[in-house]
$ cat work.txt   # compact mmCIF, C-alpha atoms
# COMPACT_ATOMS: atom_id res chain seq x y z
CA MET G 1 5.74 16.57 118.89
CA SER G 2 8.74 18.55 117.80
CA GLY G 3 8.49 22.31 117.33
CA THR G 4 5.33 24.42 117.17
CA HIS G 5 2.61 24.22 114.53
CA PRO G 6 3.21 26.45 111.51
CA THR G 7 1.86 29.83 112.52
CA ARG G 8 0.36 30.59 109.14
CA GLU G 9 -2.18 28.49 107.32
CA GLU G 10 -0.63 29.33 103.96
CA ASP G 11 2.62 27.59 104.93
CA PHE G 12 0.97 24.26 104.10
CA ASP G 13 0.11 25.36 100.57
CA LEU G 14 3.53 26.94 100.12
CA TYR G 15 5.24 23.75 101.25
CA ALA G 16 3.06 21.63 98.94
CA LEU G 17 3.92 24.04 96.15
CA GLY G 18 7.64 23.53 96.87
CA ALA G 19 8.14 27.26 97.45
CA LEU G 20 9.56 27.10 100.97
CA ASP G 21 13.31 26.85 101.21
CA GLY G 22 16.13 27.16 103.72
CA ASP G 23 15.23 27.38 107.42
CA GLU G 24 11.50 27.72 106.74
CA LYS G 25 11.42 24.42 104.90
CA ALA G 26 13.61 22.65 107.45
CA ALA G 27 11.48 23.85 110.38
CA PHE G 28 8.29 22.80 108.62
CA GLU G 29 9.63 19.32 107.85
CA THR G 30 10.98 18.81 111.36
CA HIS G 31 7.59 19.59 112.83
CA LEU G 32 5.79 17.48 110.22
CA GLU G 33 7.71 14.35 111.14
CA THR G 34 5.90 14.10 114.46
CA CYS G 35 2.59 15.90 113.92
CA ALA G 36 -0.28 13.82 112.54
CA ASP G 37 -2.68 16.80 112.43
CA CYS G 38 -0.34 18.77 110.22
CA LYS G 39 0.14 15.78 107.91
CA VAL G 40 -3.63 15.70 107.38
CA GLN G 41 -3.66 19.41 106.65
CA LEU G 42 -0.74 19.02 104.26
CA ALA G 43 -2.61 16.31 102.32
CA ASP G 44 -5.36 18.87 101.63
CA SER G 45 -2.74 21.36 100.48
CA TYR G 46 -1.16 18.85 98.10
CA GLY G 47 -4.59 18.29 96.59
CA ARG G 48 -5.38 21.98 96.33
CA MET G 49 -2.04 22.83 94.71
CA ALA G 50 -2.36 19.85 92.32
CA LEU G 51 -5.46 21.53 90.91
CA LEU G 52 -3.29 24.32 89.52
CA ALA G 53 -2.56 21.86 86.72
CA PHE G 54 -5.99 22.71 85.34
CA SER G 55 -4.82 26.22 84.51
CA ALA G 56 -2.52 24.75 81.84
CA PRO G 57 -3.75 25.00 78.24
CA GLY G 58 -5.57 21.83 77.24
CA VAL G 59 -3.44 19.52 75.10
CA ALA G 60 -4.43 15.98 74.12
CA PRO G 61 -1.80 13.23 73.83
CA SER G 62 -1.23 11.79 70.38
CA PRO G 63 -2.99 8.48 69.60
CA GLN G 64 0.47 6.89 69.26
CA ALA G 65 1.21 7.57 72.93
CA LYS G 66 -1.51 5.14 74.01
CA GLU G 67 -0.47 2.59 71.41
CA ARG G 68 3.11 2.67 72.73
CA LEU G 69 1.92 2.22 76.29
CA MET G 70 -0.28 -0.75 75.47
CA ARG G 71 2.52 -2.33 73.44
CA GLN G 72 4.87 -1.84 76.39
CA LEU G 73 2.39 -3.59 78.70
CA ALA G 74 2.03 -6.50 76.32
CA LEU G 75 5.78 -6.96 76.01
CA THR G 76 6.72 -6.47 79.64
CA SER G 77 4.04 -8.51 81.36
CA PRO G 78 5.76 -11.09 83.52
CA GLY G 79 5.99 -14.51 81.91
CA ARG G 80 4.23 -17.51 83.26
CA GLY G 81 5.59 -20.85 84.28
CA ALA G 82 7.78 -20.29 87.31
CA THR G 83 10.04 -23.23 87.83
CA ALA G 84 8.80 -25.58 90.49
CA VAL G 85 11.43 -27.37 92.49
CA GLU G 86 10.39 -30.74 93.78
CA LEU G 87 12.22 -32.17 96.76
CA THR G 88 12.36 -35.90 97.06
CA PRO G 89 13.35 -37.63 100.31
CA GLU G 90 16.76 -39.21 100.48
CA PRO G 91 16.54 -42.98 100.23
CA GLY G 92 18.08 -45.02 102.97
CA GLY G 93 15.79 -44.68 106.01
CA ILE G 94 15.36 -42.19 108.83
CA LEU G 95 18.30 -41.20 110.95
CA ALA G 96 18.00 -41.83 114.68
CA ARG G 97 18.57 -38.20 115.62
CA TRP G 98 16.99 -36.79 112.49
CA TRP G 99 16.02 -33.44 114.01
CA GLU G 100 19.63 -32.53 114.80
CA VAL G 101 20.37 -32.69 111.14
CA LEU G 102 17.09 -31.52 109.68
CA LEU G 103 16.39 -28.50 111.89
CA PRO G 104 19.55 -26.58 110.95
CA LEU G 105 19.01 -27.67 107.37
CA ALA G 106 15.42 -26.43 107.46
CA GLY G 107 16.60 -23.10 108.90
CA ALA G 108 19.27 -22.76 106.27
CA PHE G 109 16.76 -23.71 103.58
CA ALA G 110 14.27 -21.10 104.85
CA LEU G 111 16.97 -18.42 104.91
CA ALA G 112 18.15 -19.40 101.45
CA SER G 113 14.54 -19.29 100.21
CA VAL G 114 14.05 -15.77 101.53
CA LEU G 115 17.33 -14.61 100.03
CA LEU G 116 16.48 -16.25 96.74
CA TRP G 117 13.02 -14.69 96.77
CA VAL G 118 14.49 -11.22 97.35
CA HIS G 119 17.08 -11.84 94.65
CA ASN G 120 14.35 -13.07 92.33
CA GLN G 121 12.28 -9.94 92.92
CA THR G 122 15.29 -7.78 92.09
CA LEU G 123 15.98 -9.78 88.95
CA GLU G 124 12.33 -9.58 87.88
CA ARG G 125 12.43 -5.82 88.31
CA GLN G 126 15.65 -5.61 86.32
CA VAL G 127 14.20 -7.80 83.57
CA ALA G 128 11.08 -5.63 83.42
CA ASP G 129 13.24 -2.50 83.19
CA LEU G 130 15.34 -4.08 80.45
CA ARG G 131 12.23 -5.11 78.54
CA SER G 132 10.93 -1.59 78.92
CA THR G 133 14.20 -0.19 77.56
CA ILE G 134 14.05 -2.62 74.65
CA VAL G 135 10.49 -1.56 73.84
CA ARG G 136 11.53 2.08 73.89
CA GLN G 137 14.56 1.41 71.72
CA GLN G 138 12.48 -0.64 69.31
CA ALA G 139 10.04 2.26 69.06
CA GLN G 140 12.92 4.68 68.42
CA LEU G 141 14.40 2.34 65.82
CA SER G 142 11.03 1.93 64.16
CA GLN G 143 10.59 5.68 64.11
CA ALA G 144 14.09 6.19 62.71
CA ARG G 145 13.33 3.64 59.98
CA ASP G 146 10.03 5.37 59.19
CA VAL G 147 11.79 8.72 59.00
CA ALA G 148 14.53 7.36 56.73
CA GLU G 149 11.96 5.77 54.41
CA MET G 150 9.81 8.83 54.45
CA MET G 151 12.69 11.17 53.64
CA SER G 152 13.75 9.09 50.67
CA ALA G 153 10.22 8.54 49.35
CA ARG G 154 9.35 10.26 46.08
CA ASP G 155 6.12 11.66 47.42
CA ALA G 156 7.81 13.44 50.36
CA VAL G 157 7.72 17.22 50.09
CA VAL G 158 10.27 19.61 51.53
CA VAL G 159 8.91 22.89 52.83
CA SER G 160 11.11 25.82 53.83
CA LEU G 161 9.69 27.96 56.59
CA ALA G 162 10.65 31.63 56.51
CA GLU G 163 10.64 34.19 59.30
CA GLN G 164 7.90 36.80 59.37
CA LYS G 165 8.16 40.55 59.43
CA ASN G 166 8.69 42.04 62.91
CA GLN G 167 9.08 38.59 64.44
CA PRO G 168 12.17 36.90 65.91
CA GLU G 169 14.73 35.55 63.47
CA GLY G 170 14.62 31.93 62.56
CA THR G 171 14.63 29.34 59.87
CA ALA G 172 13.27 25.83 59.55
CA ARG G 173 12.54 23.03 57.16
CA VAL G 174 9.77 20.46 57.20
CA ILE G 175 9.83 17.19 55.27
CA TYR G 176 6.32 15.83 54.98
CA ASN G 177 4.87 12.64 53.63
CA SER G 178 1.08 12.85 53.60
CA ARG G 179 0.66 9.20 52.59
CA ARG G 180 2.40 8.07 55.77
CA GLY G 181 1.18 10.98 57.89
CA LEU G 182 4.73 11.65 59.03
CA LEU G 183 6.70 14.87 59.23
CA VAL G 184 10.16 15.90 60.34
CA TYR G 185 10.87 19.45 61.45
CA ASN G 186 14.37 20.91 61.82
CA GLY G 187 14.81 24.53 62.73
CA HIS G 188 16.70 27.28 64.46
CA LEU G 189 14.78 29.67 66.66
CA ALA G 190 15.76 31.71 69.69
CA PRO G 191 14.66 30.29 73.07
CA THR G 192 11.27 31.49 74.26
CA THR G 193 10.54 33.07 77.63
CA ALA G 194 9.44 30.71 80.40
CA ASP G 195 5.75 31.39 79.90
CA GLN G 196 5.77 30.71 76.15
CA SER G 197 6.31 27.82 73.75
CA TYR G 198 6.69 27.45 70.04
CA GLN G 199 4.09 25.27 68.38
CA LEU G 200 4.34 23.68 64.95
CA TRP G 201 1.16 23.48 62.87
CA LEU G 202 0.19 21.65 59.75
CA VAL G 203 -2.31 23.80 57.85
CA PRO G 204 -4.47 21.39 55.84
CA THR G 205 -6.13 22.25 52.56
CA THR G 206 -9.43 21.92 54.38
CA GLY G 207 -10.19 22.19 58.06
CA ALA G 208 -8.46 23.63 61.09
CA PRO G 209 -4.68 23.62 61.67
CA ILE G 210 -3.35 20.45 63.27
CA SER G 211 -0.80 20.70 66.07
CA ALA G 212 2.39 18.80 65.23
CA GLY G 213 4.22 19.48 68.47
CA VAL G 214 5.22 21.98 71.10
CA PHE G 215 8.87 22.81 71.64
CA ASN G 216 11.25 25.12 73.39
CA PRO G 217 14.67 25.23 71.76
CA ALA G 218 17.80 25.62 73.83
CA SER G 219 20.04 28.50 72.89
CA GLY G 220 21.98 27.88 69.68
CA GLU G 221 20.69 24.34 69.18
CA THR G 222 18.87 22.86 66.22
CA ASN G 223 15.44 21.75 67.25
CA SER G 224 14.01 18.59 65.74
CA ILE G 225 10.53 17.16 65.90
CA VAL G 226 9.19 13.96 64.42
CA ALA G 227 5.41 14.05 64.42
CA ARG G 228 2.58 11.97 63.11
CA VAL G 229 -0.66 13.37 61.75
CA PRO G 230 -3.63 11.50 60.27
CA PRO G 231 -2.37 9.76 57.07
CA GLY G 232 -3.73 11.30 53.90
CA THR G 233 -3.90 14.84 55.29
CA ALA G 234 -3.20 17.22 52.41
CA ALA G 235 -1.16 20.19 53.64
CA LYS G 236 -1.13 23.64 52.12
CA ALA G 237 1.37 25.11 54.59
CA PHE G 238 3.32 24.64 57.78
CA ALA G 239 3.71 27.31 60.42
CA VAL G 240 5.30 27.92 63.78
CA THR G 241 3.45 30.16 66.22
CA LEU G 242 4.36 31.52 69.62
CA GLU G 243 1.83 30.29 72.18
CA PRO G 244 1.39 30.24 75.96
CA ALA G 245 3.72 27.67 77.54
CA GLY G 246 2.48 24.16 76.82
CA GLY G 247 0.77 25.12 73.57
CA LYS G 248 -2.88 25.52 72.58
CA SER G 249 -5.41 23.38 70.78
CA ALA G 250 -5.67 26.01 68.01
CA PRO G 251 -3.17 28.71 67.03
CA THR G 252 -3.67 31.96 68.93
CA GLY G 253 -0.26 33.64 68.95
CA PRO G 254 1.82 35.42 66.33
CA MET G 255 3.19 33.48 63.40
CA ILE G 256 6.96 33.23 63.65
CA LEU G 257 7.73 31.01 60.66
CA VAL G 258 5.55 30.08 57.68
CA GLY G 259 6.14 27.95 54.63
CA PRO G 260 3.67 27.07 51.88
CA VAL G 261 3.58 23.61 50.34
CA LEU G 262 4.42 24.23 46.70
CA MET M 1 -21.48 2.31 72.46
CA THR M 2 -22.19 -1.05 74.06
CA GLY M 3 -23.55 -1.46 77.58
CA GLU M 4 -20.32 -3.11 78.60
CA THR M 5 -18.26 -0.15 77.37
CA VAL M 6 -20.46 2.32 79.23
CA THR M 7 -20.04 0.25 82.40
CA GLU M 8 -16.27 0.30 81.89
CA LEU M 9 -16.23 4.07 81.48
CA ARG M 10 -18.27 4.50 84.64
CA ALA M 11 -16.17 2.15 86.72
CA SER M 12 -14.61 3.90 89.71
CA ASP M 13 -10.88 4.45 89.87
CA ALA M 14 -10.68 2.06 92.82
CA ALA M 15 -12.43 -0.71 90.84
CA LEU M 16 -10.11 -0.15 87.88
CA ILE M 17 -7.02 -0.21 90.11
CA ALA M 18 -8.21 -3.51 91.57
CA ARG M 19 -8.47 -4.90 88.03
CA ILE M 20 -5.00 -3.61 87.15
CA VAL M 21 -3.62 -5.49 90.14
CA GLN M 22 -5.14 -8.58 88.47
CA ARG M 23 -3.19 -7.59 85.31
CA ASP M 24 -6.24 -6.40 83.34
CA GLU M 25 -4.82 -4.19 80.58
CA SER M 26 -8.24 -2.85 79.56
CA ALA M 27 -8.63 -1.29 83.03
CA LEU M 28 -5.39 0.64 82.55
CA ALA M 29 -6.62 1.76 79.13
CA VAL M 30 -9.78 3.19 80.74
CA LEU M 31 -7.73 5.07 83.35
CA TYR M 32 -5.44 6.32 80.59
CA ASP M 33 -8.39 7.68 78.62
CA ARG M 34 -9.70 9.28 81.79
CA TYR M 35 -6.54 11.10 82.85
CA ALA M 36 -4.04 11.26 79.97
CA GLY M 37 -5.43 14.57 78.67
CA MET M 38 -5.22 16.24 82.07
CA LEU M 39 -1.65 15.00 82.55
CA THR M 40 -0.51 15.84 79.01
CA SER M 41 -1.67 19.42 79.43
CA LEU M 42 0.32 19.74 82.66
CA LEU M 43 3.41 18.02 81.25
CA ASN M 44 3.38 20.17 78.12
CA ARG M 45 3.01 23.31 80.16
CA ILE M 46 6.01 22.43 82.31
CA LEU M 47 8.29 20.94 79.68
CA ARG M 48 7.11 22.82 76.59
CA ASP M 49 8.17 19.76 74.63
CA SER M 50 5.40 17.44 73.47
CA GLN M 51 7.70 14.45 72.86
CA ALA M 52 9.27 14.66 76.32
CA ALA M 53 5.77 15.08 77.77
CA GLU M 54 4.56 11.87 76.13
CA GLU M 55 7.59 9.94 77.35
CA ILE M 56 6.81 10.90 80.94
CA LEU M 57 3.12 10.22 80.40
CA GLN M 58 3.94 6.70 79.24
CA ASP M 59 6.30 6.16 82.18
CA ILE M 60 3.69 7.26 84.69
CA PHE M 61 1.06 4.84 83.42
CA TYR M 62 3.62 2.08 83.15
CA GLN M 63 4.59 2.67 86.79
CA LEU M 64 0.89 2.57 87.69
CA TRP M 65 0.65 -0.77 85.89
CA ARG M 66 3.65 -2.15 87.77
CA ASN M 67 2.90 -0.70 91.20
CA ALA M 68 -0.91 -0.64 91.29
CA GLY M 69 -0.84 -3.00 94.24
CA GLN M 70 0.93 -0.33 96.29
CA PHE M 71 -1.73 2.27 95.63
CA ASP M 72 -3.68 2.98 98.79
CA ALA M 73 -6.95 4.78 98.09
CA SER M 74 -7.23 5.82 101.74
CA ARG M 75 -4.22 8.08 101.17
CA GLY M 76 -5.85 10.13 98.44
CA ALA M 77 -7.57 10.09 95.09
CA LEU M 78 -5.79 8.70 92.03
CA PRO M 79 -5.91 11.88 89.90
CA GLY M 80 -4.30 13.79 92.76
CA TRP M 81 -1.46 11.28 92.89
CA LEU M 82 -1.06 11.34 89.14
CA LEU M 83 -0.89 15.13 89.03
CA VAL M 84 1.67 15.29 91.83
CA ILE M 85 3.83 12.57 90.25
CA ALA M 86 3.59 14.14 86.78
CA ARG M 87 4.61 17.53 88.11
CA ASN M 88 7.53 16.08 90.11
CA ARG M 89 8.83 14.12 87.16
CA ALA M 90 8.51 16.96 84.69
CA ILE M 91 10.26 19.40 87.00
CA SER M 92 13.01 16.86 87.68
CA ARG M 93 13.52 16.54 83.95
CA LEU M 94 13.39 20.29 83.47
CA ARG M 95 16.10 20.69 86.06
CA ARG M 96 18.05 17.69 84.78
CA HIS M 97 17.55 15.82 88.04
CA ASN M 98 17.46 12.05 87.96
CA PRO M 99 13.84 11.02 87.68
CA THR M 100 12.65 8.79 90.47
CA GLY M 101 11.59 5.28 89.64
CA GLY M 102 7.92 5.53 90.46
CA GLU M 103 8.36 4.74 94.14
CA GLU M 104 6.74 8.10 94.90
CA LEU M 105 3.43 6.25 94.83
CA LEU M 106 4.22 5.51 98.47
CA GLU M 107 5.22 8.95 99.68
CA ASN M 108 2.69 11.73 100.13
CA THR M 109 -1.01 11.75 100.86
CA VAL M 110 -2.94 13.88 98.38
CA VAL M 111 -6.56 14.73 99.14
CA LEU M 112 -8.49 16.40 96.34
CA PRO M 113 -11.39 18.64 97.31
CA THR M 114 -13.53 17.14 94.58
CA ASN M 115 -14.01 13.96 92.57
CA LEU M 116 -12.35 14.21 89.14
CA GLU M 117 -13.30 10.82 87.73
CA SER M 118 -15.61 12.20 85.05
CA SER M 119 -14.61 14.38 82.12
CA ILE M 120 -17.40 16.80 83.07
CA ALA M 121 -15.90 17.24 86.54
CA GLN M 122 -12.49 17.85 84.96
CA GLN M 123 -13.95 20.44 82.57
CA GLN M 124 -15.68 22.20 85.45
CA MET M 125 -12.40 22.24 87.35
CA VAL M 126 -10.64 23.81 84.34
CA GLY M 127 -13.17 26.65 84.42
CA LYS M 128 -12.90 27.07 88.17
CA VAL M 129 -9.09 27.10 88.32
CA ARG M 130 -8.64 29.34 85.30
CA GLY M 131 -11.24 31.74 86.74
CA ALA M 132 -9.37 31.80 90.04
CA MET M 133 -6.00 32.34 88.33
CA ASP M 134 -7.43 35.10 86.12
CA GLY M 135 -8.66 36.84 89.24
CA LEU M 136 -5.19 37.08 90.77
CA PRO M 137 -3.12 40.25 90.39
CA LYS M 138 -0.61 39.81 87.56
CA GLU M 139 2.48 39.68 89.81
CA GLN M 140 0.91 37.11 92.14
CA ARG M 141 -0.10 34.92 89.25
CA ALA M 142 3.38 35.12 87.71
CA ALA M 143 5.01 34.13 91.02
CA LEU M 144 2.56 31.26 91.47
CA GLU M 145 3.21 29.98 87.94
CA LEU M 146 6.98 30.10 88.47
CA ALA M 147 6.55 28.06 91.65
CA TYR M 148 4.08 25.52 90.28
CA PHE M 149 5.13 25.08 86.65
CA GLU M 150 8.87 25.58 87.09
CA GLY M 151 9.28 24.29 90.62
CA LEU M 152 11.04 27.42 91.86
CA THR M 153 11.34 28.27 95.54
CA HIS M 154 10.89 31.74 97.04
CA SER M 155 14.61 32.50 96.71
CA GLU M 156 14.81 31.15 93.17
CA ILE M 157 11.83 33.25 92.08
CA ALA M 158 13.44 36.33 93.63
CA ALA M 159 16.69 35.59 91.78
CA ARG M 160 14.82 34.98 88.52
CA THR M 161 12.63 38.08 88.63
CA GLY M 162 14.96 40.44 90.47
CA ASP M 163 12.22 41.20 93.00
CA PRO M 164 13.08 41.41 96.73
CA LEU M 165 12.66 38.10 98.55
CA GLY M 166 10.12 39.59 100.96
CA THR M 167 8.00 40.82 98.05
CA VAL M 168 8.02 37.37 96.44
CA LYS M 169 6.99 35.74 99.73
CA THR M 170 4.14 38.19 100.20
CA ARG M 171 2.91 37.67 96.65
CA LEU M 172 2.91 33.90 96.90
CA ARG M 173 1.32 33.93 100.33
CA SER M 174 -1.47 36.21 99.09
CA ALA M 175 -1.92 34.10 95.95
CA VAL M 176 -2.39 30.80 97.78
CA GLU M 177 -4.66 32.47 100.33
CA THR M 178 -6.90 33.83 97.57
CA LEU M 179 -6.93 30.49 95.73
CA LYS M 180 -7.91 28.61 98.86
CA ARG M 181 -10.82 30.98 99.39
CA ASN M 182 -11.93 30.70 95.76
CA PHE M 183 -11.64 26.91 95.62
CA LYS M 184 -13.99 26.66 98.60
CA LYS M 185 -16.77 28.48 96.76
$ encode --input "work.txt" --output "structure tokens"
Amino acid sequence: MSGTHPTREEDFDLYALGALDGDEKAAFETHLETCADCKVQLADSYGRMALLAFSAPGVAPSPQAKERLMRQLALTSPGRGATAVELTPEPGGILARWWEVLLPLAGAFALASVLLWVHNQTLERQVADLRSTIVRQQAQLSQARDVAEMMSARDAVVVSLAEQKNQPEGTARVIYNSRRGLLVYNGHLAPTTADQSYQLWLVPTTGAPISAGVFNPASGETNSIVARVPPGTAAKAFAVTLEPAGGKSAPTGPMILVGPVL
Amino acid sequence: MTGETVTELRASDAALIARIVQRDESALAVLYDRYAGMLTSLLNRILRDSQAAEEILQDIFYQLWRNAGQFDASRGALPGWLLVIARNRAISRLRRHNPTGGEELLENTVVLPTNLESSIAQQQMVGKVRGAMDGLPKEQRAALELAYFEGLTHSEIAARTGDPLGTVKTRLRSAVETLKRNFKK
């Protein structure tokens, strides 16, 4: 075992949290390499610190996220029908000292098989990655096409969102097509603090506001969101609120921008 | 709901992983329904960008699909792995690091103190963790959130907040000590 056990119990949680740095981190890792007991204790700390995730505000993924995943699986599943190579014996009889020829050949064949197998695995991984990239690009293309169609459709509405009194400056525009359940947001807002996020809401004519995305603009940049909501949702307004980082399932913070659907 | 569907929903993570290894897409869909909400909440909190969060969410489940055979249940529960991987990836993205390719399934052992396979267990955990966080002094909670949700070290938190390094260390140490005590209750 190298080095002494960490003197404080909390060091395990702090390491799992990623808070240790410099010499403290190096000493902890050096000891960990050779101490099975501490590895067990660290596994508990990883689990305990992972639970901090549950303090995040609850946000559900959009239904499209699952659809995209399942489409990706369908398109990237490895194909069937690996090529079988059949070896047929050379005609012409058996050589007198056949093993002198065949043994080195068999060795070379085995080595070549292993190398080919490894190469094949690498290629399969690369093909899967490429397929995955294609699926993602197809999804982006499809989304871009949807957005282009939606923006040029006659039933798309353009809503200007205006800043509110005593709130940070900002401006934004939403283009919304209720028939397609698609909206595009473009806006300028100052960056939030680390513990806050902006959240875009569609306020329907009936029912509770629907979250259309959480965002955190970089300084001086235009922020864009493409979001889908249930098709046919009639909107009476769009709003941006300031929420705890990660967003909320219903608006709780101050309204920063609001725009009625005219 | 059919009997078959109920059976699917009650299947253990280990049984579903075994089916994923056999390339059963419906098993991955069940695991997705079980854990996507928990992961999306975490990813949104770290990234504060719902589109980026969903990209990582999709990547994580796709990696699970591809590498399910490498998952070793003796080295920890699946939700623990998923939470650790999601946090690592989101923080890498936040800090513009190159995301790893899912090989982290092999790295650390993560033992959860409780089973999180049911939505009720997850809801109870939300209450427990939020209660524990609410009970922390404000400065301790802030330091803990900077470490967990932004991936900052002691020194980085001190630089960010302007507090002395020793003060930051004491706050974090007290915070994790209190949490450990509360999680045991």
$ interface_residues --input "work.txt" --of "chain M" --to "chain G" --cutoff "6 Å" --atoms "only C-alpha atoms" --output "ChimeraX atom specification"
/M:37,40-42,44-45,48-50,58,80,83,109-112,126,129-130,153-154
$ residues_around --input "work.txt" --residues "Ala73 in chain M" --least-positions-apart "4" --cutoff "8 Å" --atoms "all atoms listed in the file" --output "PDB file with C-alpha atoms, in the coordinates of the input"
ATOM      1  CA  ALA M  14     -10.680   2.060  92.820  1.00  0.00           C
ATOM      2  CA  ALA M  77      -7.570  10.090  95.090  1.00  0.00           C
ATOM      3  CA  LEU M  78      -5.790   8.700  92.030  1.00  0.00           C
TER       4      LEU M  78
END
$ atom_distance --input "work.txt" --atom1 "CA of Val127 in chain G" --atom2 "CA of Gln63 in chain M"
14.6 Å
$ residues_around --input "work.txt" --residues "Gln164 in chain G" --least-positions-apart "4" --cutoff "10 Å" --atoms "all atoms listed in the file" --output "mmCIF file with C-alpha atoms, keeping the file's coordinate frame"
data_model
loop_
_atom_site.group_PDB
_atom_site.id
_atom_site.type_symbol
_atom_site.label_atom_id
_atom_site.label_comp_id
_atom_site.auth_asym_id
_atom_site.auth_seq_id
_atom_site.Cartn_x
_atom_site.Cartn_y
_atom_site.Cartn_z
ATOM 1 C CA PRO G 168 12.170 36.900 65.910
ATOM 2 C CA GLU G 169 14.730 35.550 63.470
ATOM 3 C CA GLY G 170 14.620 31.930 62.560
ATOM 4 C CA PRO G 254 1.820 35.420 66.330
ATOM 5 C CA MET G 255 3.190 33.480 63.400
ATOM 6 C CA ILE G 256 6.960 33.230 63.650
ATOM 7 C CA LEU G 257 7.730 31.010 60.660
ATOM 8 C CA VAL G 258 5.550 30.080 57.680
#
$ atom_distance --input "work.txt" --atom1 "CA of Leu146 in chain M" --atom2 "CA of Pro251 in chain G"
23.8 Å
$ residues_around --input "work.txt" --residues "Ala159 in chain M" --least-positions-apart "6" --cutoff "12 Å" --atoms "all atoms listed in the file" --output "JSON, numbers by chain"
{"M": [143, 146, 152, 153, 165, 166, 167, 168]}
$ write_last_selection --input "work.txt" --atoms "C-alpha atoms" --output "PDB file, in the coordinates of the input"
ATOM      1  CA  ALA M 143       5.010  34.130  91.020  1.00  0.00           C
ATOM      2  CA  LEU M 146       6.980  30.100  88.470  1.00  0.00           C
ATOM      3  CA  LEU M 152      11.040  27.420  91.860  1.00  0.00           C
ATOM      4  CA  THR M 153      11.340  28.270  95.540  1.00  0.00           C
ATOM      5  CA  LEU M 165      12.660  38.100  98.550  1.00  0.00           C
ATOM      6  CA  GLY M 166      10.120  39.590 100.960  1.00  0.00           C
ATOM      7  CA  THR M 167       8.000  40.820  98.050  1.00  0.00           C
ATOM      8  CA  VAL M 168       8.020  37.370  96.440  1.00  0.00           C
TER       9      VAL M 168
END
$ closest_residue --input "work.txt" --among "M:Leu144, M:Met125, M:Ala27, M:Ile46" --to "Phe61 in chain M" --atoms "all atoms listed in the file"
M:Ala27
$ residues_near_point --input "work.txt" --point "(4.3, 25.8, 60.6)" --cutoff "12 Å" --atoms "only C-alpha atoms" --output "PyMOL selection string"
chain G and resi 159-164+171-176+183-187+198-204+209-214+225+235-242+251+254-261
$ atom_distance --input "work.txt" --atom1 "CA of Ile17 in chain M" --atom2 "CA of Phe149 in chain M"
28.3 Å
$ residues_near_point --input "work.txt" --point "(-4.4, 35.9, 92.7)" --cutoff "12 Å" --atoms "only C-alpha atoms" --output "JSON, numbers by chain"
{"M": [129, 130, 131, 132, 133, 134, 135, 136, 137, 138, 139, 140, 141, 142, 143, 144, 145, 170, 171, 172, 173, 174, 175, 176, 177, 178, 179, 180, 181, 182, 183]}
$ closest_residue --input "work.txt" --among "M:Ala86, M:Ala147, M:Leu31, M:Ala158" --to "Glu54 in chain M" --atoms "all atoms listed in the file"
M:Ala86
